[in-house]
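Visitor: Next comes the structure file model.csv, holding CSV, C-alpha atoms and all ligand atoms.
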```csv
chain,number,residue,atom,x,y,z
A,1,MET,CA,1.0,-9.4,3.8
A,2,SER,CA,-2.5,-8.3,3.0
A,3,SER,CA,-4.0,-9.9,-0.1
A,4,THR,CA,-6.7,-7.2,-0.5
A,5,GLN,CA,-6.6,-5.8,-4.0
A,6,ARG,CA,-6.4,-2.0,-4.5
A,7,ILE,CA,-8.0,0.2,-7.2
A,8,TRP,CA,-7.3,3.9,-7.9
A,9,VAL,CA,-10.0,5.7,-9.9
A,10,THR,CA,-9.7,9.2,-11.1
A,11,GLY,CA,-12.8,11.4,-11.5
A,12,ALA,CA,-14.4,9.3,-8.8
A,13,SER,CA,-16.6,11.9,-7.1
A,14,GLU,CA,-19.6,11.1,-9.3
A,15,GLY,CA,-20.7,9.5,-12.5
A,16,ILE,CA,-18.8,6.5,-13.9
A,17,GLY,CA,-15.9,6.9,-11.5
A,18,LEU,CA,-18.2,6.8,-8.5
A,19,GLY,CA,-20.0,3.7,-10.0
A,20,LEU,CA,-16.6,2.0,-10.2
A,21,LEU,CA,-15.7,2.7,-6.6
A,22,LYS,CA,-19.1,1.3,-5.5
A,23,HIS,CA,-18.7,-1.8,-7.7
A,24,TYR,CA,-15.2,-2.6,-6.5
A,25,GLN,CA,-16.0,-1.9,-2.8
A,26,ARG,CA,-18.7,-4.4,-3.1
A,27,LEU,CA,-16.2,-6.9,-4.5
A,28,GLY,CA,-14.0,-6.4,-1.4
A,29,TRP,CA,-11.3,-4.2,-3.0
A,30,GLN,CA,-9.7,-1.3,-1.2
A,31,THR,CA,-10.9,1.8,-3.1
A,32,LEU,CA,-8.9,5.0,-3.7
A,33,GLY,CA,-10.4,7.9,-5.6
A,34,SER,CA,-9.4,11.3,-6.8
A,35,SER,CA,-11.1,14.4,-8.2
A,36,ARG,CA,-10.9,18.1,-7.4
A,37,SER,CA,-13.4,17.7,-4.5
A,38,THR,CA,-11.6,17.9,-1.2
A,39,GLN,CA,-13.8,15.2,0.4
A,40,GLY,CA,-14.4,11.9,-1.2
A,41,PRO,CA,-17.7,9.8,-1.2
A,42,ALA,CA,-18.3,7.1,1.3
A,43,GLU,CA,-17.4,4.5,-1.4
A,44,ALA,CA,-13.8,5.7,-1.3
A,45,ASP,CA,-11.7,4.0,1.4
A,46,HIS,CA,-9.1,6.8,0.8
A,47,TRP,CA,-9.3,10.0,-1.1
A,48,ILE,CA,-6.6,11.9,-2.9
A,49,PRO,CA,-7.9,15.4,-3.9
A,50,ALA,CA,-6.2,16.7,-7.1
A,51,ASP,CA,-6.9,18.8,-10.1
A,52,LEU,CA,-5.6,16.4,-12.6
A,53,SER,CA,-5.5,19.1,-15.3
A,54,ASP,CA,-2.5,20.5,-13.4
A,55,SER,CA,0.9,18.8,-14.0
A,56,ALA,CA,2.2,19.4,-10.4
A,57,GLN,CA,-1.0,18.0,-8.9
A,58,ARG,CA,-0.7,14.9,-11.0
A,59,ALA,CA,2.7,14.2,-9.6
A,60,MET,CA,1.5,15.0,-6.1
A,61,ALA,CA,-1.4,12.5,-6.5
A,62,VAL,CA,0.9,9.7,-7.7
A,63,ASP,CA,3.4,10.4,-4.8
A,64,ARG,CA,0.6,10.2,-2.3
A,65,LEU,CA,-0.9,7.1,-3.9
A,66,THR,CA,2.4,5.1,-3.9
A,67,ASN,CA,3.9,6.4,-0.7
A,68,GLU,CA,0.8,6.5,1.6
A,69,PHE,CA,-1.4,3.7,0.3
A,70,GLY,CA,0.7,1.2,-1.6
A,71,TRP,CA,0.9,0.0,-5.2
A,72,PRO,CA,-2.5,-0.2,-7.0
A,73,ASP,CA,-3.5,-3.5,-8.7
A,74,LEU,CA,-5.7,-1.5,-11.1
A,75,VAL,CA,-5.7,2.2,-12.1
A,76,VAL,CA,-8.7,3.6,-14.0
A,77,LEU,CA,-8.0,6.9,-15.6
A,78,ASN,CA,-11.5,8.1,-15.9
A,79,ALA,CA,-11.6,11.8,-15.1
A,80,GLY,CA,-12.8,13.8,-18.1
A,81,VAL,CA,-14.7,16.8,-19.2
A,82,GLY,CA,-17.0,17.4,-22.1
A,83,HIS,CA,-16.9,20.4,-24.5
A,84,TRP,CA,-19.9,21.6,-26.5
A,85,ALA,CA,-19.3,24.3,-29.1
A,86,THR,CA,-18.8,24.5,-32.9
A,87,ALA,CA,-15.2,24.5,-34.1
A,88,ALA,CA,-15.5,28.2,-35.1
A,89,GLU,CA,-16.7,29.1,-31.6
A,90,THR,CA,-14.0,27.2,-29.7
A,91,LYS,CA,-11.4,29.2,-27.9
A,92,ARG,CA,-7.9,27.8,-27.7
A,93,SER,CA,-7.9,28.2,-23.9
A,94,ASP,CA,-11.0,26.0,-23.6
A,95,ALA,CA,-9.6,23.4,-26.0
A,96,GLU,CA,-6.4,23.4,-23.9
A,97,ARG,CA,-8.5,22.8,-20.7
A,98,VAL,CA,-10.2,19.8,-22.4
A,99,LEU,CA,-6.9,18.3,-23.7
A,100,GLU,CA,-5.1,18.8,-20.3
A,101,LEU,CA,-7.6,16.6,-18.6
A,102,ASN,CA,-8.8,14.2,-21.3
A,103,TYR,CA,-5.4,13.6,-22.9
A,104,TRP,CA,-2.4,14.9,-20.8
A,105,ALA,CA,-3.7,13.6,-17.5
A,106,PRO,CA,-3.8,9.9,-18.6
A,107,VAL,CA,-0.6,10.3,-20.5
A,108,GLU,CA,1.4,11.8,-17.6
A,109,LEU,CA,-0.2,9.7,-14.8
A,110,THR,CA,0.7,6.5,-16.8
A,111,ARG,CA,4.3,7.7,-17.2
A,112,LEU,CA,4.6,8.7,-13.6
A,113,LEU,CA,3.3,5.3,-12.4
A,114,ALA,CA,5.5,3.4,-14.9
A,115,GLU,CA,8.5,5.2,-13.5
A,116,ARG,CA,7.7,4.1,-10.0
A,117,ALA,CA,6.8,0.5,-10.9
A,118,GLU,CA,10.2,-0.9,-9.9
A,119,GLY,CA,9.4,-4.4,-11.0
A,120,ARG,CA,5.7,-4.2,-9.9
A,121,THR,CA,3.0,-4.8,-12.5
A,122,LEU,CA,1.0,-1.8,-13.8
A,123,HIS,CA,-2.5,-2.3,-15.1
A,124,VAL,CA,-4.0,0.9,-16.5
A,125,VAL,CA,-7.5,1.3,-17.9
A,126,VAL,CA,-8.1,4.4,-20.0
A,127,ILE,CA,-11.7,5.7,-20.4
A,128,SER,CA,-12.1,7.2,-23.9
A,129,SER,CA,-15.4,7.4,-25.7
A,130,ILE,CA,-17.2,6.2,-28.9
A,131,ALA,CA,-17.0,9.9,-29.8
A,132,ALA,CA,-13.4,9.1,-30.6
A,133,ARG,CA,-14.6,7.1,-33.6
A,134,PHE,CA,-16.6,9.6,-35.7
A,135,GLY,CA,-17.3,13.3,-36.1
A,136,GLN,CA,-20.3,15.1,-34.6
A,137,LYS,CA,-21.4,18.7,-34.6
A,138,LYS,CA,-20.2,20.7,-31.6
A,139,LEU,CA,-18.0,17.8,-30.4
A,140,ALA,CA,-14.8,18.4,-32.4
A,141,THR,CA,-12.6,19.3,-29.4
A,142,TYR,CA,-14.0,16.6,-27.1
A,143,SER,CA,-13.9,13.9,-29.8
A,144,ALA,CA,-10.3,14.9,-30.8
A,145,SER,CA,-9.2,14.6,-27.1
A,146,LYS,CA,-10.8,11.2,-26.8
A,147,ALA,CA,-9.3,10.0,-30.2
A,148,ALA,CA,-5.9,11.3,-29.2
A,149,VAL,CA,-5.9,9.4,-25.9
A,150,ALA,CA,-7.3,6.2,-27.6
A,151,LEU,CA,-4.5,6.1,-30.2
A,152,TRP,CA,-1.9,7.0,-27.5
A,153,ALA,CA,-3.1,4.0,-25.4
A,154,GLU,CA,-3.1,1.7,-28.5
A,155,SER,CA,0.6,2.8,-29.1
A,156,VAL,CA,1.5,2.1,-25.4
A,157,HIS,CA,-0.2,-1.3,-25.8
A,158,GLU,CA,2.3,-2.1,-28.5
A,159,GLU,CA,5.2,-0.7,-26.5
A,160,TRP,CA,4.3,-2.9,-23.5
A,161,GLN,CA,4.1,-6.2,-25.5
A,162,GLY,CA,6.4,-8.6,-23.7
A,163,SER,CA,6.4,-6.6,-20.5
A,164,ALA,CA,4.3,-7.3,-17.4
A,165,HIS,CA,2.5,-4.0,-17.7
A,166,ARG,CA,-1.0,-3.9,-19.3
A,167,ILE,CA,-3.1,-1.1,-20.7
A,168,GLN,CA,-6.7,-1.3,-21.8
A,169,LEU,CA,-9.1,1.1,-23.6
A,170,ILE,CA,-12.7,1.5,-22.8
A,171,LEU,CA,-15.0,3.3,-25.3
A,172,PRO,CA,-18.4,3.9,-23.6
A,173,GLY,CA,-21.4,5.0,-25.5
A,174,VAL,CA,-23.9,7.2,-23.8
A,175,VAL,CA,-24.0,6.7,-20.0
A,176,SER,CA,-26.5,8.5,-17.7
A,177,THR,CA,-24.4,11.0,-15.8
A,178,ASN,CA,-24.2,14.7,-15.5
A,179,ILE,CA,-21.4,15.0,-18.0
A,180,MET,CA,-23.4,17.3,-20.3
A,181,ARG,CA,-24.2,19.6,-17.4
A,182,HIS,CA,-20.4,19.8,-16.6
A,183,SER,CA,-19.4,20.2,-20.2
A,184,ILE,CA,-17.7,23.5,-21.1
A,185,GLY,CA,-19.8,25.6,-23.5
A,186,ARG,CA,-18.9,28.2,-26.0
A,187,ASP,CA,-18.7,30.8,-23.3
A,188,GLY,CA,-16.1,28.8,-21.4
A,189,GLN,CA,-18.6,28.0,-18.6
A,190,ALA,CA,-20.2,24.7,-17.6
A,191,ILE,CA,-23.5,24.2,-19.6
A,192,GLY,CA,-25.5,23.4,-16.4
A,193,ASP,CA,-29.3,23.7,-16.9
A,194,ARG,CA,-28.8,24.4,-20.7
A,195,ALA,CA,-27.8,20.7,-21.1
A,196,GLY,CA,-30.1,18.5,-23.1
A,197,VAL,CA,-31.3,15.0,-22.0
A,198,HIS,CA,-28.3,12.6,-21.7
A,199,HIS,CA,-29.7,9.2,-21.1
A,200,GLY,CA,-28.0,5.8,-21.7
A,201,TRP,CA,-26.5,3.0,-19.8
A,202,SER,CA,-26.6,3.2,-16.0
A,203,VAL,CA,-23.3,3.8,-14.2
A,204,GLU,CA,-23.8,0.4,-12.5
A,205,ARG,CA,-24.0,-1.4,-15.8
A,206,THR,CA,-21.0,0.5,-17.1
A,207,ALA,CA,-18.9,-0.2,-14.0
A,208,GLN,CA,-19.8,-3.9,-14.3
A,209,ALA,CA,-18.8,-3.9,-18.0
A,210,ILE,CA,-15.5,-2.2,-17.2
A,211,GLU,CA,-14.7,-4.7,-14.5
A,212,ARG,CA,-15.5,-7.6,-16.9
A,213,ALA,CA,-13.3,-6.0,-19.5
A,214,THR,CA,-10.3,-5.9,-17.1
A,215,ARG,CA,-10.6,-9.7,-16.7
A,216,THR,CA,-10.1,-10.3,-20.4
A,217,ARG,CA,-6.8,-10.0,-22.4
A,218,ARG,CA,-8.6,-7.8,-25.1
A,219,PHE,CA,-7.2,-4.3,-25.4
A,220,ALA,CA,-10.2,-2.3,-26.6
A,221,HIS,CA,-13.8,-2.6,-25.4
A,222,ILE,CA,-16.8,-0.7,-26.8
A,223,LEU,CA,-19.7,-0.4,-24.2
A,224,ALA,CA,-22.7,0.1,-26.4
A,225,SER,CA,-25.6,-1.7,-28.0
A,226,PRO,CA,-25.2,-3.9,-31.1
A,227,GLY,CA,-26.8,-1.2,-33.2
A,228,VAL,CA,-24.1,1.4,-32.2
A,229,ARG,CA,-21.4,-1.2,-32.8
A,230,PHE,CA,-22.8,-1.9,-36.2
A,231,ALA,CA,-22.9,1.9,-36.9
A,232,LEU,CA,-19.2,2.2,-36.0
A,233,ILE,CA,-18.3,-0.6,-38.5
A,234,LEU,CA,-20.4,1.1,-41.1
A,235,HIS,CA,-18.5,4.3,-40.4
A,236,ASP,CA,-15.2,2.6,-41.0
A,237,LEU,CA,-16.4,0.7,-44.2
A,238,CYS,CA,-18.6,3.3,-45.7
A,239,PRO,CA,-18.5,6.7,-44.0
A,240,SER,CA,-20.7,8.5,-46.6
A,241,ILE,CA,-23.7,6.2,-45.8
A,242,PHE,CA,-22.9,6.5,-42.0
A,243,TYR,CA,-23.1,10.3,-42.2
A,244,VAL,CA,-26.3,10.3,-44.3
A,245,LEU,CA,-27.9,8.2,-41.6
A,246,LEU,CA,-26.4,10.2,-38.7
A,247,ARG,CA,-27.7,13.5,-40.2
A,248,ARG,CA,-31.2,12.1,-40.3
A,249,LYS,CA,-31.2,11.3,-36.6
A,250,PRO,CA,-33.4,13.7,-34.6
B,301,LIG,N1,-21.3,9.8,-19.6
B,301,LIG,C1,-21.1,9.5,-20.9
B,301,LIG,O1,-22.1,9.4,-21.7
B,301,LIG,C2,-19.7,9.2,-21.3
B,301,LIG,C3,-19.6,8.5,-22.6
B,301,LIG,C4,-18.3,8.2,-23.0
B,301,LIG,C5,-17.2,8.5,-22.3
B,301,LIG,N2,-17.3,9.1,-21.1
B,301,LIG,C6,-16.1,9.4,-20.3
B,301,LIG,O2,-16.2,8.8,-19.0
B,301,LIG,C7,-15.5,9.6,-18.1
B,301,LIG,C8,-16.4,9.9,-16.9
B,301,LIG,O3,-17.5,10.6,-17.4
B,301,LIG,P1,-18.8,10.8,-16.5
B,301,LIG,O4,-19.9,10.8,-17.4
B,301,LIG,O5,-18.8,10.0,-15.3
B,301,LIG,O6,-18.6,12.4,-16.2
B,301,LIG,P2,-19.0,13.3,-14.9
B,301,LIG,O7,-20.2,12.7,-14.2
B,301,LIG,O8,-19.0,14.7,-15.4
B,301,LIG,O9,-17.8,13.0,-13.9
B,301,LIG,C9,-16.5,13.6,-14.2
B,301,LIG,C10,-15.6,13.3,-13.0
B,301,LIG,O10,-14.3,13.8,-13.3
B,301,LIG,C11,-13.9,14.7,-12.2
B,301,LIG,N3,-13.1,15.8,-12.7
B,301,LIG,C12,-13.5,16.8,-13.5
B,301,LIG,N4,-12.5,17.7,-13.7
B,301,LIG,C13,-11.4,17.2,-13.0
B,301,LIG,C14,-10.1,17.6,-12.8
B,301,LIG,N5,-9.7,18.8,-13.4
B,301,LIG,N6,-9.3,16.9,-12.0
B,301,LIG,C15,-9.7,15.8,-11.5
B,301,LIG,N7,-11.0,15.3,-11.6
B,301,LIG,C16,-11.8,16.0,-12.4
B,301,LIG,C17,-15.2,15.1,-11.6
B,301,LIG,O11,-15.0,15.5,-10.2
B,301,LIG,P3,-14.8,17.0,-9.6
B,301,LIG,O12,-15.8,17.9,-10.3
B,301,LIG,O13,-15.0,16.8,-8.2
B,301,LIG,O14,-13.4,17.3,-10.0
B,301,LIG,C18,-16.0,13.9,-11.7
B,301,LIG,O15,-15.7,13.0,-10.7
B,301,LIG,C19,-15.0,10.8,-18.8
B,301,LIG,O16,-13.7,10.6,-19.2
B,301,LIG,C20,-15.9,10.9,-20.0
B,301,LIG,O17,-15.3,11.6,-21.1
B,301,LIG,C21,-18.6,9.4,-20.6
```
The structure in this file should be written as structure tokens.

Guide:
Amino acid sequence: MSSTQRIWVTGASEGIGLGLLKHYQRLGWQTLGSSRSTQGPAEADHWIPADLSDSAQRAMAVDRLTNEFGWPDLVVLNAGVGHWATAAETKRSDAERVLELNYWAPVELTRLLAERAEGRTLHVVVISSIAARFGQKKLATYSASKAAVALWAESVHEEWQGSAHRIQLILPGVVSTNIMRHSIGRDGQAIGDRAGVHHGWSVERTAQAIERATRTRRFAHILASPGVRFALILHDLCPSIFYVLLRRKP
């Protein structure tokens, strides 16, 4: 029997997901990736194309994963989409697209995998965001989707106490990817060239930090500077001061 470990990463065609494939391939893992792209990057040993905002395609992806490639040792539910519009401008149809991918995809993929576990251990890592922890202009829908998936994962963590399954939550701060360019704007289209500068941790550093997190027993991991972590504590303890400072930020 092969002892090679196997990882499945969703949203692996670029950004953090691609960084994870690269990192785990370097560590000698067998890498499986998914996104809507029909062809995967070289860093994926196997590719399962799927639009994970579609329920039928989620089931198809899990079927292919488990039937064709074998049980994954680690699943990183990373596929996500941004949304950039005021609450008043937000169309219900756009909010539903965001929630389908950012909330329902991790929820259903985890359920489908747990149903097929049959005594095997499931280790799921859910990628949320620090945006789940406080309110920001034009990010109400995105933040709500990330907060929903974070509290869902925390609840599953409680349900799985005493079982062999594990779930962990990652809350990245800003990571240098094209997420803003891909974000849905108020017209329902990707923002593209209208996106502002989005500069933060490299995907390599983020992938390393996620991998390190999976080797700990801790449930939630914030990937951000000490200053950002302190700001989140300030938000919880004294939100009025937190928001005064946030509004002063350029
Ligand atoms: N970058 C940041 O600053 C940041 C901060 C906090 C949290 N996050 C979270 O980290 C995750 C990855 O973000 P990123 O910055 O790497 O974003 P990204 O560069 O925009 O990559 C998004 C990935 O998701 C895939 N994807 C989009 N729609 C999909 C769909 N319907 N079905 C399947 N796959 C789909 C994309 O591939 P295709 O287009 O080929 O489908 C791509 O591989 C997201 O959940 C994001 O919310 C990012």

Visitor: Measuring between all atoms listed in the file, which one of A:Gln189, A:Gln168, A:Asn78, A:Ser93 shows the shortest distance to ligand LIG 301 (chain B)?

Guide: A:Asn78

Visitor: Once you count only C-alpha atoms, which residues end up no further than 10 Å from (-16.3, -0.4, -10.1) in the file's frame, shown as a list in words?

Guide: Ile7, Val9, Ala12, Ile16, Gly17, Leu18, Gly19, Leu20, Leu21, Lys22, His23, Tyr24, Gln25, Arg26, Leu27, Trp29, Thr31, Val76, Val203, Glu204, Arg205, Thr206, Ala207, Gln208, Ala209, Ile210, Glu211 and Arg212 of chain A

Visitor: Let's have the selection written as an mmCIF file, in the coordinates of the input, with C-alpha atoms.

Guide:
```
data_model
loop_
_atom_site.group_PDB
_atom_site.id
_atom_site.type_symbol
_atom_site.label_atom_id
_atom_site.label_comp_id
_atom_site.auth_asym_id
_atom_site.auth_seq_id
_atom_site.Cartn_x
_atom_site.Cartn_y
_atom_site.Cartn_z
ATOM 1 C CA ILE A 7 -8.000 0.200 -7.200
ATOM 2 C CA VAL A 9 -10.000 5.700 -9.900
ATOM 3 C CA ALA A 12 -14.400 9.300 -8.800
ATOM 4 C CA ILE A 16 -18.800 6.500 -13.900
ATOM 5 C CA GLY A 17 -15.900 6.900 -11.500
ATOM 6 C CA LEU A 18 -18.200 6.800 -8.500
ATOM 7 C CA GLY A 19 -20.000 3.700 -10.000
ATOM 8 C CA LEU A 20 -16.600 2.000 -10.200
ATOM 9 C CA LEU A 21 -15.700 2.700 -6.600
ATOM 10 C CA LYS A 22 -19.100 1.300 -5.500
ATOM 11 C CA HIS A 23 -18.700 -1.800 -7.700
ATOM 12 C CA TYR A 24 -15.200 -2.600 -6.500
ATOM 13 C CA GLN A 25 -16.000 -1.900 -2.800
ATOM 14 C CA ARG A 26 -18.700 -4.400 -3.100
ATOM 15 C CA LEU A 27 -16.200 -6.900 -4.500
ATOM 16 C CA TRP A 29 -11.300 -4.200 -3.000
ATOM 17 C CA THR A 31 -10.900 1.800 -3.100
ATOM 18 C CA VAL A 76 -8.700 3.600 -14.000
ATOM 19 C CA VAL A 203 -23.300 3.800 -14.200
ATOM 20 C CA GLU A 204 -23.800 0.400 -12.500
ATOM 21 C CA ARG A 205 -24.000 -1.400 -15.800
ATOM 22 C CA THR A 206 -21.000 0.500 -17.100
ATOM 23 C CA ALA A 207 -18.900 -0.200 -14.000
ATOM 24 C CA GLN A 208 -19.800 -3.900 -14.300
ATOM 25 C CA ALA A 209 -18.800 -3.900 -18.000
ATOM 26 C CA ILE A 210 -15.500 -2.200 -17.200
ATOM 27 C CA GLU A 211 -14.700 -4.700 -14.500
ATOM 28 C CA ARG A 212 -15.500 -7.600 -16.900
#
```

Visitor: How would you write, as a PyMOL selection string, the set of residues no farther than 7 Å from ligand LIG 301 (chain B) when counting all atoms listed in the file?

Guide: chain A and resi 10-17+34-37+50-53+78-82+101-102+127-130+171-179+182+198+200

Visitor: Using only C-alpha atoms for the distances, tell me which of A:Ala148, A:Glu43, A:Val98, A:Ala153 is nearest to Arg111 in chain A.

Guide: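 Closest to Arg111 in chain A of all the choices is A:Ala153.
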
Visitor: Might you pull out every residue within 12 Å of Leu246 in chain A, with all atoms listed in the file counted and same-chain residues fewer than 4 positions away left off, and present them as an MDAnalysis selection string?

Guide: chainID A and resid 134:137 228 231:232 234:235 239:242 250

Visitor: Rounded to one decimal place, report the CA of Gly196 in chain A-CA of Ile222 in chain A distance in Å.

Guide: 23.6 Å

Visitor: Please determine, counting all atoms listed in the file, which residue among A:Leu109, A:Ile233, A:Ala132, A:Ala85 has the shortest atom-to-atom distance to Ala190 in chain A.

Guide: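 That would be A:Ala85, the residue with the smallest distance to Ala190 in chain A.
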
Visitor: CA of Thr90 in chain A and CA of Ser155 in chain A are how many Å apart?

Guide: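 Between CA of Thr90 in chain A and CA of Ser155 in chain A the gap works out to 28.4 Å.
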
Visitor: Between A:Ser163, A:Ser143, A:Gln39, A:Ser55, which has the minimum distance to Leu122 in chain A (counting all atoms listed in the file)?

Guide: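 Nearest candidate to Leu122 in chain A out of A:Ser163, A:Ser143, A:Gln39, A:Ser55: A:Ser163.
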
Visitor: Could you jot down the CA of Ala150 in chain A to CA of Ala44 in chain A separation for me, Å, one decimal place?

Guide: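 Interatomic distance here is 27.1 Å.
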